[in-house]
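Shown next, in structure tokens, is the structure this report addresses.
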Amino acid sequence: ASGSRAADTAAARREEEGFSWSPPGGWNRTERSPGDISYSPKDGTIELSASQGRTTEDLLTHWQRFERDYQGRPGYRKQRLERTTFAGNPAVIWEYAFLQGGRPGHGQQLGFTRGGRTYQLSVWYLDPVRATALDVYSRAEDSFRIR
């Protein structure tokens, strides 16, 4: 699949608003705002996203409220939503299953707050490309730095 070939090529380090990272090379870039960027292969089977913003609310509380809204969606099943750490910062991880056009997929989102800003790194993928998606996500997570 195009997704696995594209994942073999890391892009140059990208400086975004509030963070830097090394997203996959050769993928389509979408900038929702200067601090909210996503990448996907041409076949659309994976979406990798990184963002930053502000919040005054505890991140776990915020995501628990958001997760309640997902509970009625087709195929949604929470796998975990809990506190963790990322790069020495208190963090939250949310993993879940869903259906996209009747096809099974998964999402994994990692968020943390530092200095009054919230950062999030996420991946959504269809199950047949799981290994590629998790490899791309792992590389992005390893390269993620606050600016």
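We label chains A, B, ... in the order they appear in the structure tokens, count residues from 1 in each chain, and number ligands from 1 in the order shown.
Within 7 Å of region 142-145 of chain A there are Phe19, Ser20, Trp21, Ser22 and Ser138 of chain A, counting only C-alpha atoms and ignoring same-chain residues fewer than 4 positions away.
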Could you please take those selected residues and save N, CA and C atoms as a CSV table (one decimal), in the first residue's frame?
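Output saved as again-v9.csv:
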chain,number,residue,atom,x,y,z
A,19,PHE,N,5.8,23.8,18.4
A,19,PHE,CA,6.5,22.5,18.5
A,19,PHE,C,7.2,22.2,17.2
A,20,SER,N,8.0,21.2,17.2
A,20,SER,CA,8.7,20.7,16.1
A,20,SER,C,8.6,19.2,16.1
A,21,TRP,N,8.7,18.6,14.9
A,21,TRP,CA,8.6,17.1,14.8
A,21,TRP,C,9.1,16.7,13.4
A,22,SER,N,9.1,15.4,13.2
A,22,SER,CA,9.5,14.8,11.9
A,22,SER,C,8.4,13.9,11.4
A,138,SER,N,5.0,6.2,16.3
A,138,SER,CA,6.1,6.1,17.2
A,138,SER,C,7.3,7.0,16.8
Neighbouring residues of Ala97 (chain A) were defined as those with any atom within 8 Å, considering only C-alpha atoms; residues of the same chain fewer than 3 positions away were excluded. Please report them as an NGL selection string.
:A and (75-79 or 104-107)
Need the shell around region 56-68 of chain A: protein/DNA/RNA residues with any atom at most 10 Å away, counting only C-alpha atoms. Skip same-chain ones fewer than 2 positions apart. Format as a PyMOL selection string?
chain A and resi 54+70-72+76+78+81-83+90-94+96+111-113+116-118
DSSP says helix (DSSP H, G or I) for which residues of region 95-134 of chain A? Put them as a ChimeraX atom specification?
/A:127-134
Can you spit out the residues from that selection as a CSV table (one decimal), in the first residue's frame, using N, CA, C and O atoms?
chain,number,residue,atom,x,y,z
A,127,ASP,N,-7.7,-0.7,10.3
A,127,ASP,CA,-7.0,-1.9,10.9
A,127,ASP,C,-5.9,-2.6,9.9
A,127,ASP,O,-4.9,-3.0,10.4
A,128,PRO,N,-6.2,-2.7,8.6
A,128,PRO,CA,-5.2,-3.4,7.8
A,128,PRO,C,-3.8,-2.7,7.7
A,128,PRO,O,-2.8,-3.4,7.4
A,129,VAL,N,-3.7,-1.4,8.1
A,129,VAL,CA,-2.4,-0.7,8.0
A,129,VAL,C,-1.9,-0.4,9.4
A,129,VAL,O,-1.1,0.5,9.6
A,130,ARG,N,-2.4,-1.2,10.4
A,130,ARG,CA,-2.0,-1.0,11.8
A,130,ARG,C,-0.5,-0.8,12.0
A,130,ARG,O,0.0,0.1,12.7
A,131,ALA,N,0.3,-1.8,11.5
A,131,ALA,CA,1.7,-1.8,11.8
A,131,ALA,C,2.4,-0.5,11.2
A,131,ALA,O,3.2,0.1,11.9
A,132,THR,N,2.0,-0.1,10.0
A,132,THR,CA,2.6,1.1,9.4
A,132,THR,C,2.2,2.3,10.3
A,132,THR,O,3.0,3.2,10.6
A,133,ALA,N,0.9,2.4,10.6
A,133,ALA,CA,0.4,3.5,11.4
A,133,ALA,C,1.1,3.7,12.7
A,133,ALA,O,1.5,4.8,13.1
A,134,LEU,N,1.3,2.6,13.4
A,134,LEU,CA,1.9,2.6,14.7
A,134,LEU,C,3.4,3.0,14.6
A,134,LEU,O,4.0,3.6,15.5
Which residues come within 6 Å of Ser49 (chain A), counting only C-alpha atoms, excluding same-chain residues fewer than 3 positions away, as a PyMOL selection string?
chain A and resi 37-38+121-122
Output N, CA, C and O atoms of each residue in that selection to a file, as a PDB file, in the first residue's frame.
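part_19.pdb, written as the output of this step:
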ATOM      1  N   ILE A  37      -1.626  20.526  12.618  1.00  0.00           N
ATOM      2  CA  ILE A  37      -1.124  19.992  11.359  1.00  0.00           C
ATOM      3  C   ILE A  37      -1.433  18.498  11.281  1.00  0.00           C
ATOM      4  O   ILE A  37      -1.309  17.781  12.268  1.00  0.00           O
ATOM      5  N   SER A  38      -1.800  18.023  10.093  1.00  0.00           N
ATOM      6  CA  SER A  38      -1.968  16.580   9.927  1.00  0.00           C
ATOM      7  C   SER A  38      -1.346  16.136   8.607  1.00  0.00           C
ATOM      8  O   SER A  38      -1.178  16.934   7.675  1.00  0.00           O
ATOM      9  N   LEU A 121      -0.694  14.664  20.121  1.00  0.00           N
ATOM     10  CA  LEU A 121      -0.188  13.883  19.004  1.00  0.00           C
ATOM     11  C   LEU A 121      -1.156  12.715  18.830  1.00  0.00           C
ATOM     12  O   LEU A 121      -1.432  12.000  19.793  1.00  0.00           O
ATOM     13  N   SER A 122      -1.700  12.556  17.621  1.00  0.00           N
ATOM     14  CA  SER A 122      -2.747  11.568  17.385  1.00  0.00           C
ATOM     15  C   SER A 122      -2.510  10.793  16.099  1.00  0.00           C
ATOM     16  O   SER A 122      -1.918  11.322  15.151  1.00  0.00           O
TER      17      SER A 122
END
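Straight-line separation from CA of Arg139 (chain A) to CA of Pro24 (chain A): 8.5 Å.
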12 Å contact set for Arg29 (chain A), only C-alpha atoms, chain neighbours under 2 positions out, as a list of chain:residue names
A:Ala11, A:Arg14, A:Pro23, A:Pro24, A:Gly25, A:Gly26, A:Trp27, A:Glu31, A:Arg32, A:Ser33, A:Pro34, A:Asp36, A:Ile37, A:Ser38, A:Tyr39, A:Ser40, A:Pro41, A:Lys42, A:Gly44, A:Glu47, A:Leu48, A:Ser49, A:Ala50
Any chance you can output those residues with N, CA, C and O atoms as a short mmCIF file (atom, residue, chain, number, x, y, z; two decimals), in the first residue's frame?
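Ended up saving to again15.cif:
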data_model
loop_
_atom_site.label_atom_id
_atom_site.label_comp_id
_atom_site.auth_asym_id
_atom_site.auth_seq_id
_atom_site.Cartn_x
_atom_site.Cartn_y
_atom_site.Cartn_z
N ALA A 11 10.26 12.75 6.80
CA ALA A 11 10.42 14.10 6.28
C ALA A 11 11.47 14.81 7.11
O ALA A 11 11.83 14.38 8.20
N ARG A 14 10.23 19.49 10.91
CA ARG A 14 9.33 20.62 10.63
C ARG A 14 9.17 21.46 11.89
O ARG A 14 8.89 20.93 12.96
N PRO A 23 7.48 14.52 10.65
CA PRO A 23 6.35 13.74 10.10
C PRO A 23 6.82 12.89 8.92
O PRO A 23 7.94 13.07 8.41
N PRO A 24 6.00 11.96 8.45
CA PRO A 24 6.41 11.11 7.32
C PRO A 24 6.58 11.91 6.03
O PRO A 24 5.82 12.82 5.76
N GLY A 25 7.60 11.57 5.27
CA GLY A 25 7.84 12.21 3.99
C GLY A 25 6.90 11.67 2.92
O GLY A 25 6.46 10.53 3.00
N GLY A 26 6.56 12.49 1.96
CA GLY A 26 5.75 12.05 0.84
C GLY A 26 4.26 11.99 1.12
O GLY A 26 3.49 11.57 0.25
N TRP A 27 3.83 12.37 2.30
CA TRP A 27 2.40 12.35 2.64
C TRP A 27 1.80 13.72 2.41
O TRP A 27 2.49 14.74 2.37
N GLU A 31 -2.89 21.86 6.95
CA GLU A 31 -2.69 22.79 8.06
C GLU A 31 -4.05 23.42 8.38
O GLU A 31 -4.53 24.26 7.65
N ARG A 32 -4.65 22.95 9.47
CA ARG A 32 -5.93 23.51 9.91
C ARG A 32 -5.72 24.90 10.50
O ARG A 32 -6.57 25.76 10.41
N SER A 33 -4.57 25.07 11.15
CA SER A 33 -4.09 26.35 11.67
C SER A 33 -2.59 26.19 11.82
O SER A 33 -2.09 25.06 11.72
N PRO A 34 -1.83 27.26 12.10
CA PRO A 34 -0.38 27.10 12.22
C PRO A 34 0.04 26.10 13.31
O PRO A 34 1.11 25.53 13.25
N ASP A 36 -1.93 23.32 14.21
CA ASP A 36 -2.74 22.11 14.07
C ASP A 36 -2.50 21.53 12.68
O ASP A 36 -3.08 21.99 11.70
N ILE A 37 -1.63 20.53 12.62
CA ILE A 37 -1.12 19.99 11.36
C ILE A 37 -1.43 18.50 11.28
O ILE A 37 -1.31 17.78 12.27
N SER A 38 -1.80 18.02 10.09
CA SER A 38 -1.97 16.58 9.93
C SER A 38 -1.35 16.14 8.61
O SER A 38 -1.18 16.93 7.67
N TYR A 39 -1.01 14.87 8.56
CA TYR A 39 -0.43 14.22 7.39
C TYR A 39 -1.18 12.93 7.12
O TYR A 39 -1.57 12.23 8.06
N SER A 40 -1.36 12.60 5.84
CA SER A 40 -1.97 11.32 5.48
C SER A 40 -1.41 10.86 4.14
O SER A 40 -1.07 11.69 3.29
N PRO A 41 -1.32 9.53 3.97
CA PRO A 41 -0.88 9.02 2.68
C PRO A 41 -1.99 9.24 1.65
O PRO A 41 -3.15 9.49 2.01
N LYS A 42 -1.66 9.11 0.39
CA LYS A 42 -2.64 9.35 -0.68
C LYS A 42 -3.87 8.45 -0.58
O LYS A 42 -4.96 8.85 -0.95
N GLY A 44 -5.38 7.57 2.12
CA GLY A 44 -6.24 8.01 3.21
C GLY A 44 -6.47 7.00 4.32
O GLY A 44 -7.36 7.18 5.14
N GLU A 47 -4.18 8.86 9.35
CA GLU A 47 -4.02 10.29 9.56
C GLU A 47 -3.20 10.49 10.81
O GLU A 47 -3.53 9.97 11.87
N LEU A 48 -2.09 11.22 10.68
CA LEU A 48 -1.22 11.57 11.79
C LEU A 48 -1.38 13.06 12.03
O LEU A 48 -1.30 13.84 11.09
N SER A 49 -1.59 13.44 13.27
CA SER A 49 -1.88 14.83 13.58
C SER A 49 -1.10 15.29 14.81
O SER A 49 -0.90 14.52 15.75
N ALA A 50 -0.67 16.55 14.80
CA ALA A 50 -0.05 17.17 15.96
C ALA A 50 -0.63 18.57 16.10
O ALA A 50 -0.87 19.25 15.09
#
CA of Phe86 (chain A) to CA of Val123 (chain A): how many Å, to one decimal?
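Spanning CA of Phe86 (chain A) to CA of Val123 (chain A) is a straight-line distance of 16.0 Å.
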Leaving out Arg103 (chain A) and any residue of its chain fewer than 4 positions from it, which residues lie within 9 Å of it when counting only C-alpha atoms, given as a VMD selection string?
chain A and resid 98 to 99 126 to 127
My list of candidates is A:Glu16, A:Gly53, A:Trp124, A:Gly101. Which is closest to Val136 (chain A) when distances are computed with only C-alpha atoms?
A:Trp124
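Here the strand (DSSP E) residues in region 106-136 of chain A, by DSSP on the backbone, are His106, Gly107, Gln108, Gln109, Leu110, Gly111, Phe112, Thr113, Arg114, Arg117, Thr118, Tyr119, Gln120, Leu121, Ser122, Val123, Trp124, Tyr125 and Leu126 of chain A.
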Dump as an mmCIF file, in the first residue's frame, selection limited to N, CA, C and O atoms:
data_model
loop_
_atom_site.group_PDB
_atom_site.id
_atom_site.type_symbol
_atom_site.label_atom_id
_atom_site.label_comp_id
_atom_site.auth_asym_id
_atom_site.auth_seq_id
_atom_site.Cartn_x
_atom_site.Cartn_y
_atom_site.Cartn_z
ATOM 1 N N HIS A 106 -8.804 2.271 14.299
ATOM 2 C CA HIS A 106 -8.408 2.596 15.667
ATOM 3 C C HIS A 106 -7.861 4.015 15.730
ATOM 4 O O HIS A 106 -7.366 4.542 14.728
ATOM 5 N N GLY A 107 -7.935 4.590 16.911
ATOM 6 C CA GLY A 107 -7.356 5.896 17.170
ATOM 7 C C GLY A 107 -6.511 5.836 18.419
ATOM 8 O O GLY A 107 -6.801 5.063 19.338
ATOM 9 N N GLN A 108 -5.455 6.624 18.426
ATOM 10 C CA GLN A 108 -4.615 6.751 19.608
ATOM 11 C C GLN A 108 -4.222 8.214 19.721
ATOM 12 O O GLN A 108 -3.702 8.790 18.765
ATOM 13 N N GLN A 109 -4.524 8.806 20.867
ATOM 14 C CA GLN A 109 -4.250 10.217 21.083
ATOM 15 C C GLN A 109 -3.477 10.388 22.382
ATOM 16 O O GLN A 109 -3.834 9.803 23.405
ATOM 17 N N LEU A 110 -2.417 11.178 22.321
ATOM 18 C CA LEU A 110 -1.590 11.479 23.479
ATOM 19 C C LEU A 110 -1.620 12.986 23.665
ATOM 20 O O LEU A 110 -1.369 13.729 22.707
ATOM 21 N N GLY A 111 -1.933 13.425 24.853
ATOM 22 C CA GLY A 111 -1.963 14.860 25.125
ATOM 23 C C GLY A 111 -1.269 15.181 26.427
ATOM 24 O O GLY A 111 -1.257 14.366 27.353
ATOM 25 N N PHE A 112 -0.671 16.362 26.494
ATOM 26 C CA PHE A 112 -0.058 16.809 27.743
ATOM 27 C C PHE A 112 -0.092 18.331 27.792
ATOM 28 O O PHE A 112 -0.244 19.002 26.764
ATOM 29 N N THR A 113 0.023 18.848 29.004
ATOM 30 C CA THR A 113 -0.002 20.290 29.214
ATOM 31 C C THR A 113 1.330 20.714 29.824
ATOM 32 O O THR A 113 1.838 20.056 30.725
ATOM 33 N N ARG A 114 1.857 21.810 29.285
ATOM 34 C CA ARG A 114 3.103 22.368 29.837
ATOM 35 C C ARG A 114 3.090 23.868 29.592
ATOM 36 O O ARG A 114 2.815 24.312 28.471
ATOM 37 N N ARG A 117 0.019 25.533 27.978
ATOM 38 C CA ARG A 117 -0.343 25.105 26.622
ATOM 39 C C ARG A 117 -0.580 23.604 26.634
ATOM 40 O O ARG A 117 0.049 22.868 27.374
ATOM 41 N N THR A 118 -1.485 23.165 25.773
ATOM 42 C CA THR A 118 -1.786 21.751 25.621
ATOM 43 C C THR A 118 -1.269 21.288 24.270
ATOM 44 O O THR A 118 -1.463 21.969 23.259
ATOM 45 N N TYR A 119 -0.618 20.147 24.265
ATOM 46 C CA TYR A 119 -0.059 19.555 23.048
ATOM 47 C C TYR A 119 -0.712 18.196 22.830
ATOM 48 O O TYR A 119 -1.001 17.484 23.792
ATOM 49 N N GLN A 120 -0.926 17.856 21.578
ATOM 50 C CA GLN A 120 -1.580 16.586 21.270
ATOM 51 C C GLN A 120 -0.946 15.965 20.036
ATOM 52 O O GLN A 120 -0.694 16.644 19.045
ATOM 53 N N LEU A 121 -0.694 14.664 20.121
ATOM 54 C CA LEU A 121 -0.188 13.883 19.004
ATOM 55 C C LEU A 121 -1.156 12.715 18.830
ATOM 56 O O LEU A 121 -1.432 12.000 19.793
ATOM 57 N N SER A 122 -1.700 12.556 17.621
ATOM 58 C CA SER A 122 -2.747 11.568 17.385
ATOM 59 C C SER A 122 -2.510 10.793 16.099
ATOM 60 O O SER A 122 -1.918 11.322 15.151
ATOM 61 N N VAL A 123 -3.039 9.572 16.067
ATOM 62 C CA VAL A 123 -3.058 8.787 14.842
ATOM 63 C C VAL A 123 -4.401 8.075 14.759
ATOM 64 O O VAL A 123 -4.937 7.610 15.765
ATOM 65 N N TRP A 124 -4.974 8.063 13.549
ATOM 66 C CA TRP A 124 -6.198 7.317 13.254
ATOM 67 C C TRP A 124 -5.869 6.460 12.042
ATOM 68 O O TRP A 124 -5.230 6.934 11.093
ATOM 69 N N TYR A 125 -6.308 5.207 12.050
ATOM 70 C CA TYR A 125 -5.960 4.316 10.944
ATOM 71 C C TYR A 125 -6.980 3.196 10.794
ATOM 72 O O TYR A 125 -7.669 2.829 11.744
ATOM 73 N N LEU A 126 -7.055 2.674 9.575
ATOM 74 C CA LEU A 126 -7.853 1.487 9.317
ATOM 75 C C LEU A 126 -7.024 0.273 9.722
ATOM 76 O O LEU A 126 -5.801 0.249 9.532
#
